[in-house]
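So the structure is just underneath, and the comments pick up after that.
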Amino acid sequence: MINIYYRLFALVLFLSPILLFAQNNLSGTVTTAQGEPVMQATVLVEGSSIAAATDSQGKFTLMKVPQDKSTIVIRAVGYQTSKKVLTAAQKSVPILIQLQEDNLAINEVVVSATRYGIDRREAPVVVNVLGPKLFNATQSVAMSETLAYQPGVRVENNCQNCGFSQVRLNGLEGAYSQILINSRSVFSALNSVYGLDQIPTSMIDRIEVVRSGGSALFGANAIAGTINIITKDPVENDWQIKSTNSLTGGSSWDNTLDFNTSFVEDDLMNGVTFYGMHRDRQPWDANGDGFTEITKLRNTTFGAKAFFKPSEFDKITVDMSVLNEFRRGGDRLDLAPHFSDITEQIQTNSIIGGITYDHYSKDWKHKLSLYASAQKSKRDSYYGGLGGARTHQDSVVAANSYGTTDDFAMVAGAQYNYNFERDVFTAGVEYNGNRTEDQIPAYQRSIDQRTHAVGTYAQYEWKLLDQLKALMGARYDYTYVDGTYQLLSNTRRSDQSFGTLSPRLTILYDITEALQFRGGYARGFRAPQAFNEDMHVTSIGGQQVFVLMGENLETEYSNAYTGSLNYTRNFGNTQASLLVEGFFTDLQNPFTTVMTSEEADIILQEMRNGSRSSVYGSNIELSVAPSSALSIQAGGTIQRAKYSEEQLIFEGETDADDIRTTRYMRTPNVYGYLNTNIKATKQFAVDVTGVYTGGMLVPHYQTDGRMIVKDAPDFMELNLRLGYTFAVKKNFNVEVFTGVQNMFNAFQKDFDTGPFRDSDYVYGPTKPRTYTFGVKIGHFH
């Protein structure tokens, strides 16, 4: 009898590891709602490091799954995140998980909110994402043409002669936004002047936008928010070539040819993607006066991005882009610039590149990133002309109005992440440097500026409860600005060093499964230095306008507060999301430019510290997708941007000629967008998009040396695109498309004319009615 018990006990001991092993494994299949397998989906046990990826058949196996009840989370690109609560009994058999399409891209992984990848819905701050679907719908060939399709964002043209454009977040002008390339701040003030037109959509995987203060993560100049340009990653073997042809105003050609192609090894251990664009745009004259409203433009861009994995836990990423652009506006474009009445001509050559090394620990809890990025730009420019006159002195000045600019910016640093399974700790250190030398001898204008900044930051993402998450962080920047700014007989020096602490606190509270609240505070700053507008030269009355640094400038600081409610829910197969967001930004010592005087046929604008100001309002966005065949998104902003007391913007010869205002210029109280995508059939697509710009105050300089402020009207520009795709064979498609932008020609009607015009008197849509057609071939979805 004892021998029988002994044998049974030995058998149990022998079988126990096998039984436990079987019970600890969970297998299953992930498919679409139509039953097609989903490959490369991530399946993980919530609150643990247990994870697996699906194979080409959609199958997966999780090892050592806890025996008690647990939650399984399933994520895949292009699909809604799914959660399943499984009991011990359900884990004993293979499970089937069906994913619904994420037609509103609510569950995308973003990096701009926290400096590491996180599900957009789980991010403690609101992140808007623009991608290829929107680029196609809006017929955009450059980044500047697509940014306005989200709440709180406006893109405006600020010059008839050169087409200088800037992006405004929550009403604040371009210098308040930090533009990043692959999360690195190498997009300098010089790049910001024309850079929005120089980056083609063919090189962009997505654009992530975070509104309001982000200095706790990304350093100076992120007061209004950050725009993070993520270039294309090699994800799968594909390629495409596209030709886009447009008739601006029905008369001037704008031809673009772009391509991108990717190659990835079967084992996913290395890959590379190439992209490029060539654009040739003819000038366009709106009113027949012989002077351009849209510049002549030639742009050639080429770039590549590659990754290599020495092991499963190490990854090296390298990217590089080369940009060459020529633009010219004014009159007599067939002559040398100094024979014209007014010409602004810019030739820009830029190289932008970076390298990143990522290392993960074997349990995937630790991550260390080392990175370095840089950009080098050279700009040859001409700002001038005969100004309608033909005197000897006019000719001398015109012949010497050529200039050169050299610009170098770099960032290098290290970042460490530790994942506590529920919480995440992030810390890092980085160095930012920028050197700008700008020379225009004819006007005795020079900018020689060096900036150096060392920043350290830390943040903790703390999941206090299952429904409540807090993100606490701070960044300390030690900044040194060494600059000499000269214009005629005026010389300014900046030799300052100072430290700035920028704290940040945001919370995410899941009120219900469908309703989320986000709220936060962030502090930001801008150092006294030359910004993008200071690198731009314009003309008024045949005279050139230059910005001169003021004396004894103080650092500008901001305190930004945000709060939002986001309701996301599926109504059957209909996916819907509603966002209501409030924001308030308080600015102390804001930098303002004041038109001061004329000297030697040059108009001076001086940068000064203005009176305290604030920008506040609300953003609203509604998105609905009944199916993959139809999606509708609409958003708008209602805001106010005011100084606490009347601000001097024009200093006349007498006090009576001075102009003061409490309102921001070029800042409408209401603006918004519409984006509707219709898949009428499997082959035929219709896209209707539009941008609304409310009325605003616009300064208008007169030929007699005075300035007036005008009330600009509102505009509604609507666009239509039709596309038909031919599936020639597997992995080879051809799409033909046509459309019209600004179909009702909502465009400014009162441009200044002739050589004495105020070229900055520009508002409203950036292009008139424009007809577009083209073809795209390759392996694309």
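Please note that chains go A, B, ... in the order of the structure tokens, that every chain numbers its residues from 1, and that ligands are numbered from 1 in the order shown.
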
Residues near Tyr724 in chain A, anyone? I mean within 6 Å using only C-alpha atoms, not counting same-chain ones fewer than 5 positions away, as a PyMOL selection string. chain A and resi 683-684+735-736

Tell me which protein, DNA and RNA residues are within 7 Å of range 710-712 of chain A, counting only C-alpha atoms, leaving out same-chain ones fewer than 6 positions away, and put them as a short mmCIF file (atom, residue, chain, number, x, y, z; two decimals) with C-alpha atoms, in the first residue's frame.
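Result file is result.cif:
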data_model
loop_
_atom_site.label_atom_id
_atom_site.label_comp_id
_atom_site.auth_asym_id
_atom_site.auth_seq_id
_atom_site.Cartn_x
_atom_site.Cartn_y
_atom_site.Cartn_z
CA GLY A 695 -11.89 88.28 -39.26
CA MET A 696 -8.80 89.86 -37.68
CA LEU A 697 -6.85 93.08 -37.29
CA VAL A 698 -4.07 93.57 -39.85
CA PRO A 699 -1.49 96.40 -39.83
CA HIS A 700 -1.17 98.29 -43.12
#

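For the set A:Ser183, A:Pro310, A:Thr654, A:Val141, the residue with the smallest atom-to-atom gap to Met277 in chain A is A:Val141, counting only C-alpha atoms.
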
Give me the residues near Gln516 in chain A as a ChimeraX atom specification, where near means some atom within 8 Å (using only C-alpha atoms) and where sequence neighbours in that chain fewer than 4 positions away do not count. /A:508-512,565-567

Would you pick out the contacts of Ser377 in chain A at 10 Å or less, using only C-alpha atoms, so that residues sharing its chain but fewer than 2 positions from it are not included, and give the list as a PyMOL selection string? chain A and resi 188+190-191+322-324+348-352+375+379+405-409+436

Can you measure CA of Thr770 in chain A to CA of Leu247 in chain A for me? One decimal in Å is fine. 5.4 Å

Please provide the set of residues having any atom within 6 Å of Thr676 in chain A, restricted to only C-alpha atoms, with same-chain residues fewer than 2 positions apart removed, written as a ChimeraX atom specification. /A:631-632,687-688

Residues as selected, N, CA and C atoms, written as a PDB file, in the first residue's frame, can you do that?
ATOM      1  N   SER A 631     -15.388  58.948 -43.132  1.00  0.00           N
ATOM      2  CA  SER A 631     -14.956  59.581 -41.887  1.00  0.00           C
ATOM      3  C   SER A 631     -15.124  61.088 -42.030  1.00  0.00           C
ATOM      4  N   ILE A 632     -15.566  61.716 -40.945  1.00  0.00           N
ATOM      5  CA  ILE A 632     -15.799  63.159 -40.932  1.00  0.00           C
ATOM      6  C   ILE A 632     -15.123  63.731 -39.695  1.00  0.00           C
ATOM      7  N   ASP A 687     -12.764  63.339 -51.392  1.00  0.00           N
ATOM      8  CA  ASP A 687     -12.350  64.050 -50.185  1.00  0.00           C
ATOM      9  C   ASP A 687     -12.800  65.508 -50.283  1.00  0.00           C
ATOM     10  N   VAL A 688     -13.471  65.972 -49.229  1.00  0.00           N
ATOM     11  CA  VAL A 688     -13.880  67.376 -49.138  1.00  0.00           C
ATOM     12  C   VAL A 688     -13.247  67.960 -47.885  1.00  0.00           C
TER      13      VAL A 688
END

Separation of CA of Met472 in chain A from CA of Gln415 in chain A, in Å and rounded to one decimal: 16.5 Å

Expected answer as a PyMOL selection string: strand (DSSP E or B) residues in range 541-758 of chain A: chain A and resi 543-549+556-571+574-588+591-599+602-609+613-627+630-650+659-663+670-679+684-693+696-701+707-712+715-729+732-741+758

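Atom pair CA of Tyr457 in chain A / CA of Leu501 in chain A: separated by 9.6 Å.
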
Do a neighbour search on Val396 in chain A at 10 Å with only C-alpha atoms, toss out local chain neighbours closer than 4 positions, and write the hits as a list in words. His338, Gly385, Leu386, Thr391, His392, Asn400, Ser401 and Ala442 of chain A

Can I get the selection written as a tab-separated table (two decimals), in the first residue's frame, with N, CA and C atoms?
chain	number	residue	atom	x	y	z
A	338	HIS	N	19.10	93.19	-59.14
A	338	HIS	CA	19.36	94.61	-58.92
A	338	HIS	C	18.88	95.49	-60.07
A	385	GLY	N	16.24	96.44	-54.63
A	385	GLY	CA	15.77	96.85	-55.94
A	385	GLY	C	15.83	98.35	-56.07
A	386	LEU	N	15.38	98.84	-57.20
A	386	LEU	CA	15.47	100.27	-57.48
A	386	LEU	C	14.32	101.06	-56.87
A	391	THR	N	17.88	106.55	-59.87
A	391	THR	CA	19.01	107.43	-59.60
A	391	THR	C	20.28	106.63	-59.41
A	392	HIS	N	21.42	107.32	-59.44
A	392	HIS	CA	22.70	106.64	-59.26
A	392	HIS	C	22.77	105.99	-57.88
A	400	ASN	N	24.28	96.33	-54.32
A	400	ASN	CA	24.98	95.80	-53.16
A	400	ASN	C	24.03	95.19	-52.13
A	401	SER	N	22.83	94.84	-52.56
A	401	SER	CA	21.82	94.32	-51.63
A	401	SER	C	21.84	92.80	-51.51
A	442	ALA	N	25.10	96.11	-47.97
A	442	ALA	CA	24.53	97.37	-48.45
A	442	ALA	C	23.79	98.12	-47.36

Would you mind listing what lies within 12 Å of Tyr521 in chain A as a ChimeraX atom specification, with only C-alpha atoms counted and same-chain residues fewer than 6 positions away left out? /A:124-125,211-216,223,470-474,502-507,558-563,583-586

Got time to write the residues from that selection, N, CA and C atoms, as a PDB file, in the first residue's frame?
ATOM      1  N   PRO A 124      -1.195  61.563 -21.258  1.00  0.00           N
ATOM      2  CA  PRO A 124      -1.780  62.524 -20.320  1.00  0.00           C
ATOM      3  C   PRO A 124      -1.990  63.910 -20.902  1.00  0.00           C
ATOM      4  N   VAL A 125      -1.510  64.190 -22.105  1.00  0.00           N
ATOM      5  CA  VAL A 125      -1.785  65.455 -22.787  1.00  0.00           C
ATOM      6  C   VAL A 125      -2.397  65.149 -24.145  1.00  0.00           C
ATOM      7  N   ARG A 211      -0.317  71.073 -28.220  1.00  0.00           N
ATOM      8  CA  ARG A 211      -0.580  72.481 -27.973  1.00  0.00           C
ATOM      9  C   ARG A 211      -0.260  72.839 -26.525  1.00  0.00           C
ATOM     10  N   SER A 212       0.049  74.100 -26.319  1.00  0.00           N
ATOM     11  CA  SER A 212       0.355  74.669 -25.006  1.00  0.00           C
ATOM     12  C   SER A 212       1.764  74.271 -24.568  1.00  0.00           C
ATOM     13  N   GLY A 213       2.164  74.695 -23.357  1.00  0.00           N
ATOM     14  CA  GLY A 213       3.554  74.630 -22.924  1.00  0.00           C
ATOM     15  C   GLY A 213       4.138  73.236 -22.912  1.00  0.00           C
ATOM     16  N   GLY A 214       5.351  73.102 -23.468  1.00  0.00           N
ATOM     17  CA  GLY A 214       6.035  71.825 -23.450  1.00  0.00           C
ATOM     18  C   GLY A 214       7.495  71.957 -23.074  1.00  0.00           C
ATOM     19  N   SER A 215       7.881  73.098 -22.478  1.00  0.00           N
ATOM     20  CA  SER A 215       9.295  73.342 -22.193  1.00  0.00           C
ATOM     21  C   SER A 215       9.878  72.347 -21.202  1.00  0.00           C
ATOM     22  N   ALA A 216       9.045  71.753 -20.373  1.00  0.00           N
ATOM     23  CA  ALA A 216       9.563  70.783 -19.405  1.00  0.00           C
ATOM     24  C   ALA A 216      10.182  69.579 -20.101  1.00  0.00           C
ATOM     25  N   ILE A 223       6.608  77.464 -25.921  1.00  0.00           N
ATOM     26  CA  ILE A 223       5.542  78.084 -25.133  1.00  0.00           C
ATOM     27  C   ILE A 223       4.167  77.753 -25.710  1.00  0.00           C
ATOM     28  N   ALA A 470      -0.954  60.572 -13.332  1.00  0.00           N
ATOM     29  CA  ALA A 470      -0.352  61.897 -13.221  1.00  0.00           C
ATOM     30  C   ALA A 470       1.031  61.870 -13.868  1.00  0.00           C
ATOM     31  N   LEU A 471       1.358  62.940 -14.549  1.00  0.00           N
ATOM     32  CA  LEU A 471       2.687  63.093 -15.158  1.00  0.00           C
ATOM     33  C   LEU A 471       3.332  64.326 -14.543  1.00  0.00           C
ATOM     34  N   MET A 472       4.358  64.095 -13.746  1.00  0.00           N
ATOM     35  CA  MET A 472       5.040  65.174 -13.048  1.00  0.00           C
ATOM     36  C   MET A 472       6.466  65.271 -13.567  1.00  0.00           C
ATOM     37  N   GLY A 473       6.886  66.482 -13.910  1.00  0.00           N
ATOM     38  CA  GLY A 473       8.231  66.623 -14.439  1.00  0.00           C
ATOM     39  C   GLY A 473       8.730  68.047 -14.359  1.00  0.00           C
ATOM     40  N   ALA A 474      10.020  68.200 -14.592  1.00  0.00           N
ATOM     41  CA  ALA A 474      10.639  69.527 -14.619  1.00  0.00           C
ATOM     42  C   ALA A 474      11.886  69.455 -15.472  1.00  0.00           C
ATOM     43  N   SER A 502      11.660  74.835 -15.513  1.00  0.00           N
ATOM     44  CA  SER A 502      10.352  74.731 -16.150  1.00  0.00           C
ATOM     45  C   SER A 502       9.630  73.494 -15.637  1.00  0.00           C
ATOM     46  N   PRO A 503       8.746  73.655 -14.655  1.00  0.00           N
ATOM     47  CA  PRO A 503       7.992  72.494 -14.147  1.00  0.00           C
ATOM     48  C   PRO A 503       6.794  72.174 -15.031  1.00  0.00           C
ATOM     49  N   ARG A 504       6.287  70.976 -14.893  1.00  0.00           N
ATOM     50  CA  ARG A 504       5.138  70.542 -15.671  1.00  0.00           C
ATOM     51  C   ARG A 504       4.354  69.513 -14.875  1.00  0.00           C
ATOM     52  N   LEU A 505       3.045  69.657 -14.847  1.00  0.00           N
ATOM     53  CA  LEU A 505       2.175  68.710 -14.166  1.00  0.00           C
ATOM     54  C   LEU A 505       0.922  68.523 -14.996  1.00  0.00           C
ATOM     55  N   THR A 506       0.622  67.280 -15.353  1.00  0.00           N
ATOM     56  CA  THR A 506      -0.609  66.976 -16.072  1.00  0.00           C
ATOM     57  C   THR A 506      -1.234  65.725 -15.459  1.00  0.00           C
ATOM     58  N   ILE A 507      -2.555  65.638 -15.567  1.00  0.00           N
ATOM     59  CA  ILE A 507      -3.266  64.466 -15.065  1.00  0.00           C
ATOM     60  C   ILE A 507      -4.226  63.957 -16.128  1.00  0.00           C
ATOM     61  N   SER A 558       6.362  82.192 -19.544  1.00  0.00           N
ATOM     62  CA  SER A 558       4.946  81.885 -19.740  1.00  0.00           C
ATOM     63  C   SER A 558       4.473  80.903 -18.677  1.00  0.00           C
ATOM     64  N   ASN A 559       3.205  80.993 -18.365  1.00  0.00           N
ATOM     65  CA  ASN A 559       2.518  80.010 -17.531  1.00  0.00           C
ATOM     66  C   ASN A 559       1.291  79.561 -18.306  1.00  0.00           C
ATOM     67  N   ALA A 560       1.247  78.282 -18.621  1.00  0.00           N
ATOM     68  CA  ALA A 560       0.183  77.749 -19.472  1.00  0.00           C
ATOM     69  C   ALA A 560      -0.661  76.748 -18.700  1.00  0.00           C
ATOM     70  N   TYR A 561      -1.988  76.899 -18.817  1.00  0.00           N
ATOM     71  CA  TYR A 561      -2.940  76.016 -18.149  1.00  0.00           C
ATOM     72  C   TYR A 561      -3.884  75.430 -19.202  1.00  0.00           C
ATOM     73  N   THR A 562      -4.161  74.136 -19.102  1.00  0.00           N
ATOM     74  CA  THR A 562      -5.079  73.483 -20.025  1.00  0.00           C
ATOM     75  C   THR A 562      -6.009  72.543 -19.273  1.00  0.00           C
ATOM     76  N   GLY A 563      -7.179  72.338 -19.832  1.00  0.00           N
ATOM     77  CA  GLY A 563      -8.129  71.360 -19.310  1.00  0.00           C
ATOM     78  C   GLY A 563      -9.013  70.878 -20.445  1.00  0.00           C
ATOM     79  N   PHE A 583      -7.881  76.516 -22.778  1.00  0.00           N
ATOM     80  CA  PHE A 583      -6.478  76.862 -22.558  1.00  0.00           C
ATOM     81  C   PHE A 583      -6.344  78.311 -22.119  1.00  0.00           C
ATOM     82  N   PHE A 584      -5.327  78.561 -21.322  1.00  0.00           N
ATOM     83  CA  PHE A 584      -5.000  79.924 -20.870  1.00  0.00           C
ATOM     84  C   PHE A 584      -3.483  80.021 -20.754  1.00  0.00           C
ATOM     85  N   THR A 585      -2.892  80.967 -21.472  1.00  0.00           N
ATOM     86  CA  THR A 585      -1.444  81.175 -21.437  1.00  0.00           C
ATOM     87  C   THR A 585      -1.157  82.613 -21.034  1.00  0.00           C
ATOM     88  N   ASP A 586      -0.419  82.771 -19.956  1.00  0.00           N
ATOM     89  CA  ASP A 586      -0.050  84.088 -19.442  1.00  0.00           C
ATOM     90  C   ASP A 586       1.409  84.350 -19.816  1.00  0.00           C
TER      91      ASP A 586
END

Using only C-alpha atoms, find each residue in range 286-380 of chain A having at least one atom no more than 12 Å away from range 738-749 of chain A; report its shortest atom-to-atom pair and that distance in Å (one decimal), rows by chain then rising number, as CSV.
residue,atom,partner,partner_atom,distance
A:Ala286,CA,A:Lys749,CA,8.6
A:Asn287,CA,A:Lys749,CA,8.6
A:Glu293,CA,A:Gln748,CA,10.3

Next, dump the selected residues to file, keeping only C-alpha atoms, as a PDB file, in the first residue's frame.
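Writing the result to part_11.pdb gives the following:
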ATOM      1  CA  ALA A 286      -3.116  88.403 -58.511  1.00  0.00           C
ATOM      2  CA  ASN A 287      -3.898  91.878 -59.823  1.00  0.00           C
ATOM      3  CA  GLU A 293       1.649  87.481 -54.914  1.00  0.00           C
TER       4      GLU A 293
END

Range 521-716 of chain A: which residues are helix (DSSP H, G or I) by DSSP, as a ChimeraX atom specification? /A:532-535,655-657

Can you spit out the residues from that selection as an mmCIF file, in the first residue's frame, using N, CA and C atoms?
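result_30.cif was written with the following content:
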data_model
loop_
_atom_site.group_PDB
_atom_site.id
_atom_site.type_symbol
_atom_site.label_atom_id
_atom_site.label_comp_id
_atom_site.auth_asym_id
_atom_site.auth_seq_id
_atom_site.Cartn_x
_atom_site.Cartn_y
_atom_site.Cartn_z
ATOM 1 N N ASN A 532 12.733 83.831 -35.916
ATOM 2 C CA ASN A 532 12.533 83.650 -37.353
ATOM 3 C C ASN A 532 12.138 84.931 -38.071
ATOM 4 N N GLU A 533 11.253 85.742 -37.483
ATOM 5 C CA GLU A 533 10.833 86.977 -38.137
ATOM 6 C C GLU A 533 12.015 87.941 -38.306
ATOM 7 N N ASP A 534 12.980 87.875 -37.392
ATOM 8 C CA ASP A 534 14.144 88.757 -37.481
ATOM 9 C C ASP A 534 15.055 88.367 -38.639
ATOM 10 N N MET A 535 14.977 87.129 -39.100
ATOM 11 C CA MET A 535 15.782 86.670 -40.230
ATOM 12 C C MET A 535 15.109 87.008 -41.565
ATOM 13 N N ASP A 655 3.109 112.069 -31.017
ATOM 14 C CA ASP A 655 2.306 111.138 -30.218
ATOM 15 C C ASP A 655 0.981 110.823 -30.891
ATOM 16 N N ALA A 656 0.473 111.793 -31.653
ATOM 17 C CA ALA A 656 -0.811 111.581 -32.318
ATOM 18 C C ALA A 656 -0.725 110.508 -33.394
ATOM 19 N N ASP A 657 0.487 110.289 -33.914
ATOM 20 C CA ASP A 657 0.669 109.269 -34.959
ATOM 21 C C ASP A 657 0.916 107.872 -34.386
#

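Of the listed residues (A:Asp119, A:Asp314, A:Glu651, A:Glu646), A:Glu646 comes nearest to Tyr664 in chain A; the distances count only C-alpha atoms.
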